[in-house]
>>> print(open('entry-v5.csv').read())   # CSV, C-alpha atoms and all ligand atoms
chain,number,residue,atom,x,y,z
A,1,MET,CA,12.9,24.7,-41.2
A,2,ASP,CA,14.7,28.1,-41.2
A,3,ARG,CA,17.5,29.3,-43.4
A,4,LEU,CA,20.1,30.9,-41.2
A,5,GLU,CA,22.7,31.8,-43.9
A,6,THR,CA,23.0,32.1,-47.7
A,7,HIS,CA,26.1,32.9,-49.6
A,8,ALA,CA,26.9,32.8,-53.3
A,9,ALA,CA,30.0,30.7,-54.0
A,10,PHE,CA,31.5,29.3,-57.2
A,11,GLY,CA,28.3,29.8,-59.1
A,12,GLY,CA,26.3,28.0,-56.5
A,13,THR,CA,24.9,28.7,-53.1
A,14,GLN,CA,26.2,27.8,-49.6
A,15,GLU,CA,23.4,27.8,-47.1
A,16,VAL,CA,23.0,26.9,-43.4
A,17,TRP,CA,19.6,25.6,-42.2
A,18,LYS,CA,18.1,24.9,-38.8
A,19,HIS,CA,15.5,22.2,-38.4
A,20,THR,CA,13.8,20.1,-35.7
A,21,SER,CA,15.2,16.6,-35.7
A,22,GLU,CA,12.6,14.0,-34.5
A,23,VAL,CA,15.4,11.4,-34.2
A,24,LEU,CA,17.6,13.5,-32.0
A,25,GLY,CA,14.8,15.4,-30.2
A,26,CYS,CA,16.4,18.8,-30.7
A,27,GLU,CA,17.1,21.6,-33.2
A,28,MET,CA,20.0,20.9,-35.5
A,29,ASN,CA,21.9,23.0,-38.0
A,30,PHE,CA,23.4,21.7,-41.3
A,31,GLY,CA,25.3,23.3,-44.1
A,32,ILE,CA,24.3,22.6,-47.7
A,33,PHE,CA,26.1,23.7,-50.9
A,34,THR,CA,24.2,23.4,-54.1
A,35,PRO,CA,26.0,24.0,-57.4
A,36,ALA,CA,24.5,25.9,-60.3
A,37,ARG,CA,22.1,23.5,-62.0
A,38,GLU,CA,19.5,23.3,-64.7
A,39,PRO,CA,15.8,23.9,-63.7
A,40,GLY,CA,14.4,20.8,-62.2
A,41,GLU,CA,17.8,19.0,-62.2
A,42,ARG,CA,18.5,16.8,-59.2
A,43,LEU,CA,22.2,16.3,-58.2
A,44,PRO,CA,23.9,13.6,-56.1
A,45,VAL,CA,24.9,14.3,-52.6
A,46,VAL,CA,28.2,14.0,-50.7
A,47,TYR,CA,27.7,13.9,-46.9
A,48,TRP,CA,30.6,15.3,-44.9
A,49,LEU,CA,31.0,14.2,-41.2
A,50,SER,CA,33.1,16.5,-39.1
A,51,GLY,CA,35.3,15.7,-36.1
A,52,LEU,CA,35.4,16.4,-32.3
A,53,THR,CA,34.5,19.9,-31.3
A,54,CYS,CA,33.1,20.8,-34.7
A,55,SER,CA,29.8,22.2,-35.7
A,56,GLU,CA,28.4,22.5,-39.3
A,57,GLN,CA,30.6,25.5,-39.7
A,58,ASN,CA,34.1,24.1,-39.6
A,59,PHE,CA,34.0,22.2,-42.9
A,60,ILE,CA,32.0,24.8,-44.9
A,61,THR,CA,34.3,27.7,-43.8
A,62,LYS,CA,37.8,26.0,-43.8
A,63,ALA,CA,37.9,23.1,-46.3
A,64,GLY,CA,37.4,24.9,-49.6
A,65,ALA,CA,34.9,22.3,-50.6
A,66,GLN,CA,32.6,24.5,-52.6
A,67,ALA,CA,35.0,24.8,-55.6
A,68,TYR,CA,35.2,21.0,-55.9
A,69,ALA,CA,31.5,20.5,-55.4
A,70,ALA,CA,30.8,23.1,-58.2
A,71,GLN,CA,33.4,21.5,-60.5
A,72,HIS,CA,32.0,18.0,-60.0
A,73,ARG,CA,28.3,19.0,-59.8
A,74,VAL,CA,27.5,17.5,-56.5
A,75,ILE,CA,25.6,18.8,-53.5
A,76,VAL,CA,27.5,18.8,-50.2
A,77,VAL,CA,25.7,18.4,-46.9
A,78,ALA,CA,27.6,19.0,-43.6
A,79,PRO,CA,25.7,18.3,-40.4
A,80,ASP,CA,26.6,19.2,-36.8
A,81,THR,CA,28.5,16.5,-34.8
A,82,SER,CA,26.0,15.9,-32.0
A,83,PRO,CA,22.6,16.8,-30.7
A,84,ARG,CA,22.7,20.2,-29.0
A,85,GLY,CA,20.8,22.3,-26.5
A,86,GLU,CA,20.2,22.9,-22.8
A,87,GLY,CA,18.1,19.8,-22.4
A,88,VAL,CA,20.7,17.6,-24.1
A,89,ALA,CA,23.2,15.7,-21.9
A,90,ASP,CA,26.8,17.1,-22.0
A,91,ASP,CA,30.2,16.7,-20.5
A,92,PRO,CA,32.9,19.3,-19.9
A,93,ALA,CA,35.4,17.3,-21.8
A,94,TYR,CA,35.9,18.1,-25.5
A,95,ASP,CA,35.7,14.4,-26.5
A,96,LEU,CA,32.3,13.5,-24.9
A,97,GLY,CA,28.8,14.9,-25.2
A,98,GLN,CA,27.9,17.9,-27.3
A,99,GLY,CA,30.3,18.2,-30.2
A,100,ALA,CA,31.3,14.5,-29.8
A,101,GLY,CA,28.3,12.4,-30.9
A,102,PHE,CA,30.5,9.7,-32.5
A,103,TYR,CA,27.8,9.0,-35.1
A,104,LEU,CA,26.3,6.1,-33.2
A,105,ASN,CA,23.0,5.4,-31.5
A,106,ALA,CA,23.6,5.5,-27.7
A,107,THR,CA,22.0,2.9,-25.5
A,108,GLU,CA,23.1,4.2,-22.0
A,109,ALA,CA,21.4,6.9,-19.9
A,110,PRO,CA,21.6,9.9,-20.0
A,111,TRP,CA,23.0,9.8,-23.6
A,112,SER,CA,20.3,7.5,-25.1
A,113,ALA,CA,17.6,10.2,-24.8
A,114,HIS,CA,19.1,12.3,-27.7
A,115,TYR,CA,22.4,10.8,-29.0
A,116,ARG,CA,21.3,8.9,-32.1
A,117,MET,CA,23.6,10.5,-34.7
A,118,HIS,CA,23.8,7.4,-36.8
A,119,ASP,CA,20.1,7.3,-37.5
A,120,TYR,CA,20.2,11.1,-38.0
A,121,VAL,CA,22.9,11.2,-40.6
A,122,VAL,CA,22.1,7.9,-42.4
A,123,GLN,CA,18.3,8.2,-42.4
A,124,GLU,CA,16.6,11.4,-41.2
A,125,LEU,CA,18.8,14.0,-42.8
A,126,PRO,CA,19.0,12.3,-46.2
A,127,ALA,CA,15.2,12.0,-46.3
A,128,LEU,CA,14.9,15.7,-45.6
A,129,ILE,CA,17.6,16.6,-48.1
A,130,GLU,CA,16.0,14.5,-50.9
A,131,ALA,CA,12.5,15.8,-50.1
A,132,ASP,CA,13.2,19.5,-49.7
A,133,PHE,CA,16.3,20.2,-51.9
A,134,ALA,CA,17.4,19.5,-55.5
A,135,ALA,CA,19.0,16.2,-54.4
A,136,SER,CA,18.8,12.8,-56.0
A,137,ASP,CA,19.1,9.6,-53.9
A,138,ARG,CA,22.7,9.0,-55.1
A,139,ARG,CA,24.7,9.4,-51.9
A,140,SER,CA,28.3,9.2,-50.7
A,141,VAL,CA,29.9,9.9,-47.4
A,142,MET,CA,33.3,11.3,-46.2
A,143,GLY,CA,34.6,12.6,-43.0
A,144,HIS,CA,37.5,13.6,-40.7
A,145,SER,CA,38.8,12.0,-37.6
A,146,MET,CA,35.6,11.2,-35.5
A,147,GLY,CA,33.7,12.0,-38.7
A,148,GLY,CA,36.0,9.6,-40.6
A,149,HIS,CA,35.0,6.9,-38.2
A,150,GLY,CA,31.4,8.0,-38.8
A,151,ALA,CA,31.7,7.8,-42.6
A,152,LEU,CA,33.3,4.3,-42.5
A,153,VAL,CA,30.8,2.9,-40.1
A,154,ALA,CA,27.8,4.5,-42.0
A,155,ALA,CA,29.0,2.8,-45.2
A,156,LEU,CA,29.8,-0.5,-43.6
A,157,ARG,CA,26.5,-0.8,-41.7
A,158,ASN,CA,24.4,0.3,-44.7
A,159,PRO,CA,25.4,-1.7,-47.8
A,160,GLY,CA,23.9,-0.2,-51.0
A,161,ARG,CA,23.2,3.2,-49.4
A,162,TYR,CA,26.4,4.9,-50.4
A,163,LEU,CA,28.2,4.9,-53.7
A,164,ALA,CA,31.5,6.0,-52.3
A,165,VAL,CA,33.3,6.4,-48.9
A,166,SER,CA,36.5,8.1,-47.9
A,167,ALA,CA,38.1,9.6,-44.8
A,168,PHE,CA,40.8,12.0,-43.6
A,169,SER,CA,42.7,10.9,-40.5
A,170,PRO,CA,39.9,8.6,-39.3
A,171,ILE,CA,39.5,6.9,-36.0
A,172,VAL,CA,39.5,3.4,-37.6
A,173,ALA,CA,39.4,1.2,-34.5
A,174,PRO,CA,37.6,3.1,-31.7
A,175,MET,CA,37.5,0.0,-29.5
A,176,GLN,CA,41.3,0.0,-29.4
A,177,VAL,CA,42.0,3.7,-28.7
A,178,PRO,CA,41.3,6.1,-25.8
A,179,TRP,CA,38.9,8.4,-27.6
A,180,GLY,CA,36.7,5.5,-28.6
A,181,GLU,CA,37.0,3.6,-25.4
A,182,LYS,CA,35.9,6.7,-23.4
A,183,ALA,CA,32.9,7.5,-25.8
A,184,PHE,CA,31.8,3.9,-26.2
A,185,SER,CA,31.9,3.2,-22.5
A,186,ALA,CA,29.6,6.2,-21.9
A,187,TYR,CA,27.3,5.9,-24.9
A,188,LEU,CA,27.1,2.0,-25.1
A,189,GLY,CA,28.0,0.7,-21.7
A,190,PRO,CA,30.6,-1.9,-20.7
A,191,ASP,CA,29.7,-4.7,-23.1
A,192,ARG,CA,32.4,-4.6,-25.8
A,193,ALA,CA,30.3,-6.9,-28.0
A,194,ALA,CA,28.0,-3.9,-28.5
A,195,TRP,CA,31.0,-1.7,-29.3
A,196,ALA,CA,32.0,-3.9,-32.2
A,197,GLU,CA,28.8,-2.8,-34.1
A,198,TRP,CA,30.3,0.7,-34.3
A,199,ASP,CA,33.9,0.0,-35.1
A,200,ALA,CA,35.0,0.0,-38.7
A,201,THR,CA,37.9,-2.5,-38.2
A,202,ALA,CA,35.6,-4.9,-36.4
A,203,LEU,CA,32.8,-4.5,-38.9
A,204,LEU,CA,34.9,-5.1,-42.0
A,205,ALA,CA,35.0,-8.9,-41.8
A,206,GLY,CA,31.2,-9.0,-41.9
A,207,ALA,CA,30.8,-6.5,-44.7
A,208,THR,CA,28.5,-7.8,-47.5
A,209,GLU,CA,29.7,-5.1,-49.9
A,210,ARG,CA,33.3,-4.4,-50.9
A,211,LEU,CA,33.0,-0.6,-51.4
A,212,PRO,CA,36.5,0.8,-52.0
A,213,ILE,CA,37.8,2.9,-49.1
A,214,LEU,CA,40.1,5.9,-49.6
A,215,ILE,CA,42.0,7.2,-46.6
A,216,ASP,CA,44.4,10.1,-46.4
A,217,GLN,CA,46.6,10.5,-43.3
A,218,GLY,CA,49.2,13.1,-42.3
A,219,GLU,CA,52.3,11.7,-40.8
A,220,ALA,CA,52.9,14.8,-38.6
A,221,ASP,CA,49.4,14.3,-37.0
A,222,SER,CA,49.8,14.4,-33.3
A,223,PHE,CA,46.9,11.9,-32.9
A,224,LEU,CA,48.3,9.3,-35.4
A,225,ASP,CA,49.9,6.8,-33.0
A,226,GLY,CA,47.6,7.2,-30.0
A,227,GLN,CA,44.1,7.6,-31.5
A,228,LEU,CA,44.0,6.9,-35.2
A,229,LYS,CA,46.2,3.9,-36.1
A,230,PRO,CA,45.0,3.6,-39.7
A,231,TRP,CA,47.2,0.6,-40.2
A,232,LEU,CA,44.8,-1.5,-38.1
A,233,LEU,CA,42.0,-1.1,-40.8
A,234,ALA,CA,44.5,-1.4,-43.6
A,235,GLU,CA,45.8,-4.7,-42.3
A,236,GLU,CA,42.3,-6.0,-41.8
A,237,ALA,CA,41.4,-4.9,-45.3
A,238,ALA,CA,44.4,-6.7,-46.7
A,239,ARG,CA,43.6,-9.8,-44.8
A,240,LEU,CA,40.0,-9.8,-46.2
A,241,GLY,CA,40.8,-8.6,-49.7
A,242,HIS,CA,38.7,-5.4,-49.1
A,243,PRO,CA,39.9,-2.6,-51.5
A,244,LEU,CA,41.5,0.1,-49.4
A,245,ARG,CA,43.9,2.8,-50.4
A,246,LEU,CA,45.8,4.4,-47.5
A,247,ARG,CA,47.9,7.4,-48.5
A,248,ARG,CA,50.4,8.7,-45.9
A,249,HIS,CA,51.6,12.3,-46.3
A,250,PRO,CA,54.8,13.4,-44.6
A,251,GLY,CA,54.6,16.8,-42.9
A,252,TYR,CA,50.9,17.1,-42.7
A,253,ASP,CA,49.0,17.4,-39.4
A,254,HIS,CA,45.4,16.8,-38.2
A,255,SER,CA,44.1,20.2,-39.3
A,256,TYR,CA,41.8,21.5,-42.0
A,257,TYR,CA,45.0,22.7,-43.8
A,258,PHE,CA,45.6,19.0,-44.4
A,259,ILE,CA,42.0,18.3,-45.4
A,260,ALA,CA,42.0,21.3,-47.9
A,261,SER,CA,45.2,20.0,-49.4
A,262,PHE,CA,43.8,16.7,-50.5
A,263,LEU,CA,40.0,17.3,-50.6
A,264,GLY,CA,40.0,17.6,-54.4
A,265,ASP,CA,41.2,14.0,-54.7
A,266,HIS,CA,38.3,12.8,-52.5
A,267,PHE,CA,35.7,14.8,-54.6
A,268,ALA,CA,37.1,13.2,-57.8
A,269,HIS,CA,36.8,9.7,-56.1
A,270,HIS,CA,33.2,10.4,-55.0
A,271,ALA,CA,32.1,12.1,-58.2
A,272,ALA,CA,33.3,9.2,-60.4
A,273,ALA,CA,31.0,6.9,-58.4
A,274,LEU,CA,28.1,9.3,-58.0
A,275,HIS,CA,28.0,10.2,-61.7
A,276,GLY,CA,29.0,6.8,-62.9
A,301,LIG,N1,42.1,19.0,-28.0
A,301,LIG,C1,41.7,19.5,-29.3
A,301,LIG,C2,41.0,18.5,-30.1
A,301,LIG,C3,40.0,19.0,-31.0
A,301,LIG,C4,40.4,18.7,-32.5
A,301,LIG,O1,41.5,18.6,-32.9
A,301,LIG,N2,39.3,18.6,-33.3
A,301,LIG,C5,39.5,18.2,-34.7
A,301,LIG,C6,38.9,16.9,-34.9
A,301,LIG,S1,39.7,15.7,-33.9
A,301,LIG,C7,38.8,14.2,-34.1
A,301,LIG,O2,37.7,14.1,-34.3
A,301,LIG,C8,38.8,19.3,-35.5
A,301,LIG,O3,38.4,19.1,-36.6
A,301,LIG,N3,38.8,20.5,-35.0
A,301,LIG,C9,38.1,21.7,-35.6
A,301,LIG,C10,39.0,22.5,-36.5
A,301,LIG,O4,38.4,23.4,-37.1
A,301,LIG,O5,40.2,22.3,-36.7
A,301,LIG,C11,40.9,20.8,-29.0
A,301,LIG,O6,40.1,20.8,-28.1
A,301,LIG,O7,41.1,21.7,-29.8
>>> encode(input="entry-v5.csv", output="structure tokens")
Amino acid sequence: MDRLETHAAFGGTQEVWKHTSEVLGCEMNFGIFTPAREPGERLPVVYWLSGLTCSEQNFITKAGAQAYAAQHRVIVVAPDTSPRGEGVADDPAYDLGQGAGFYLNATEAPWSAHYRMHDYVVQELPALIEADFAASDRRSVMGHSMGGHGALVAALRNPGRYLAVSAFSPIVAPMQVPWGEKAFSAYLGPDRAAWAEWDATALLAGATERLPILIDQGEADSFLDGQLKPWLLAEEAARLGHPLRLRRHPGYDHSYYFIASFLGDHFAHHAAALHG
């Protein structure tokens, strides 16, 4: 494992590391912010999952997360959004292939050779973080757009693994929107029954844990009506009695300006559970 960057920030350290992922079969970068801590102290970890076209850099450079992580004494880990490299399948479109891993385990060639982002972010990366950094095994997950979908699905598929979950502008029902239909057709094939295992709205009825969900959504988001449709998850949650808070914000778009505006509320939500 190689450290590519280190920067002092808010009394702690923002780093970027490169490592070889056995699960993905390629080299991967991730960002990790570690607050100031006592010698030997281990801190809980917030995993951030980014959206389409992102690398590990977008969140660590644009969201302003380090101030909140330092305030709440949590580590923040931000992985890349797909396997990468010359030997990894890709597509010229921004919403498929490298930069668009959708946090699932692909079953269809050529994608199945490397695209196992669910197992990477849920299993392999936390195991590395908890072995090689000052991290405890108290975890939470949040994300944006495709990464919001990833956060919701990671929590719903893995009861007991995360103490909190939240999302900004998530793709809540990928089976019902063009981004998800395109990616799931490629990565999972034509059987829509297989798709349901990676769709938060479809998974909610079978959830064995009622972990509260916090969602923030901008009303000036150009993807809101076509790709995101957060009301689909909110309606299903209401039907099932699953705790979900959907906050709609007039004037805010899909960008990191929106994320930065409300990220402090998400850190407070996560920290309450992680330190509780
Ligand atoms: N067509 C656009 C779409 C890319 C985009 O908006 N990406 C978002 C996430 S969208 C859902 O997953 C993003 O986070 N972009 C990075 C950023 O720093 O803003 C395009 O190709 O630009």
>>> residues_near_ligand(input="entry-v5.csv", ligand="ligand LIG 301 (chain A)", cutoff="9 Å", atoms="only C-alpha atoms and all ligand atoms", output="PDB file with C-alpha atoms, in the coordinates of the input")
ATOM      1  CA  SER A  50      33.100  16.500 -39.100  1.00  0.00           C
ATOM      2  CA  GLY A  51      35.300  15.700 -36.100  1.00  0.00           C
ATOM      3  CA  LEU A  52      35.400  16.400 -32.300  1.00  0.00           C
ATOM      4  CA  THR A  53      34.500  19.900 -31.300  1.00  0.00           C
ATOM      5  CA  CYS A  54      33.100  20.800 -34.700  1.00  0.00           C
ATOM      6  CA  SER A  55      29.800  22.200 -35.700  1.00  0.00           C
ATOM      7  CA  GLN A  57      30.600  25.500 -39.700  1.00  0.00           C
ATOM      8  CA  ASN A  58      34.100  24.100 -39.600  1.00  0.00           C
ATOM      9  CA  PHE A  59      34.000  22.200 -42.900  1.00  0.00           C
ATOM     10  CA  THR A  61      34.300  27.700 -43.800  1.00  0.00           C
ATOM     11  CA  LYS A  62      37.800  26.000 -43.800  1.00  0.00           C
ATOM     12  CA  ALA A  93      35.400  17.300 -21.800  1.00  0.00           C
ATOM     13  CA  TYR A  94      35.900  18.100 -25.500  1.00  0.00           C
ATOM     14  CA  ASP A  95      35.700  14.400 -26.500  1.00  0.00           C
ATOM     15  CA  ALA A 100      31.300  14.500 -29.800  1.00  0.00           C
ATOM     16  CA  PHE A 102      30.500   9.700 -32.500  1.00  0.00           C
ATOM     17  CA  HIS A 144      37.500  13.600 -40.700  1.00  0.00           C
ATOM     18  CA  SER A 145      38.800  12.000 -37.600  1.00  0.00           C
ATOM     19  CA  MET A 146      35.600  11.200 -35.500  1.00  0.00           C
ATOM     20  CA  GLY A 147      33.700  12.000 -38.700  1.00  0.00           C
ATOM     21  CA  GLY A 148      36.000   9.600 -40.600  1.00  0.00           C
ATOM     22  CA  HIS A 149      35.000   6.900 -38.200  1.00  0.00           C
ATOM     23  CA  SER A 169      42.700  10.900 -40.500  1.00  0.00           C
ATOM     24  CA  PRO A 170      39.900   8.600 -39.300  1.00  0.00           C
ATOM     25  CA  ILE A 171      39.500   6.900 -36.000  1.00  0.00           C
ATOM     26  CA  TRP A 179      38.900   8.400 -27.600  1.00  0.00           C
ATOM     27  CA  PHE A 223      46.900  11.900 -32.900  1.00  0.00           C
ATOM     28  CA  GLN A 227      44.100   7.600 -31.500  1.00  0.00           C
ATOM     29  CA  HIS A 254      45.400  16.800 -38.200  1.00  0.00           C
ATOM     30  CA  SER A 255      44.100  20.200 -39.300  1.00  0.00           C
ATOM     31  CA  TYR A 256      41.800  21.500 -42.000  1.00  0.00           C
ATOM     32  CA  TYR A 257      45.000  22.700 -43.800  1.00  0.00           C
TER      33      TYR A 257
END
>>> closest_residue(input="entry-v5.csv", among="A:Arg138, A:Arg42, A:Arg84, A:Pro35", to="Lys18 of chain A", atoms="only C-alpha atoms")
A:Arg84
>>> residues_around(input="entry-v5.csv", residues="Leu128 of chain A", least_positions_apart="6", cutoff="10 Å", atoms="only C-alpha atoms", output="PyMOL selection string")
chain A and resi 19+21+135
>>> atom_distance(input="entry-v5.csv", atom1="atom CA of Gln123 of chain A", atom2="atom CA of Thr20 of chain A")
14.4 Å
>>> residues_around(input="entry-v5.csv", residues="Ala9 of chain A", least_positions_apart="3", cutoff="8 Å", atoms="only C-alpha atoms", output="list in words")
Gly12, Thr13, Gln14, Gln66 and Ala67 of chain A
>>> residues_around(input="entry-v5.csv", residues="Glu56 of chain A", least_positions_apart="5", cutoff="7 Å", atoms="all atoms listed in the file", output="list in words")
Asn29, Phe30, Gly31, Ala78, Pro79 and Asp80 of chain A
>>> write_last_selection(input="entry-v5.csv", atoms="C-alpha atoms", output="CSV table (one decimal), in the coordinates of the input")
chain,number,residue,atom,x,y,z
A,29,ASN,CA,21.9,23.0,-38.0
A,30,PHE,CA,23.4,21.7,-41.3
A,31,GLY,CA,25.3,23.3,-44.1
A,78,ALA,CA,27.6,19.0,-43.6
A,79,PRO,CA,25.7,18.3,-40.4
A,80,ASP,CA,26.6,19.2,-36.8
>>> atom_distance(input="entry-v5.csv", atom1="atom CA of Asp265 of chain A", atom2="atom CA of Pro212 of chain A")
14.3 Å
>>> closest_residue(input="entry-v5.csv", among="A:Ala113, A:Ala69, A:Ala220, A:Val76", to="Gly25 of chain A", atoms="all atoms listed in the file")
A:Ala113
>>> atom_distance(input="entry-v5.csv", atom1="atom CA of Glu27 of chain A", atom2="atom CA of Tyr120 of chain A")
12.0 Å
>>> residues_near_point(input="entry-v5.csv", point="(49.6, 6.3, -47.4)", cutoff="7 Å", atoms="all atoms listed in the file", output="VMD selection string")
chain A and resid 216 to 217 246 to 249
>>> write_last_selection(input="entry-v5.csv", atoms="C-alpha atoms", output="compact mmCIF listing (two decimals), in the frame of the given file")
# COMPACT_ATOMS: atom_id res chain seq x y z
CA ASP A 216 44.40 10.10 -46.40
CA GLN A 217 46.60 10.50 -43.30
CA LEU A 246 45.80 4.40 -47.50
CA ARG A 247 47.90 7.40 -48.50
CA ARG A 248 50.40 8.70 -45.90
CA HIS A 249 51.60 12.30 -46.30
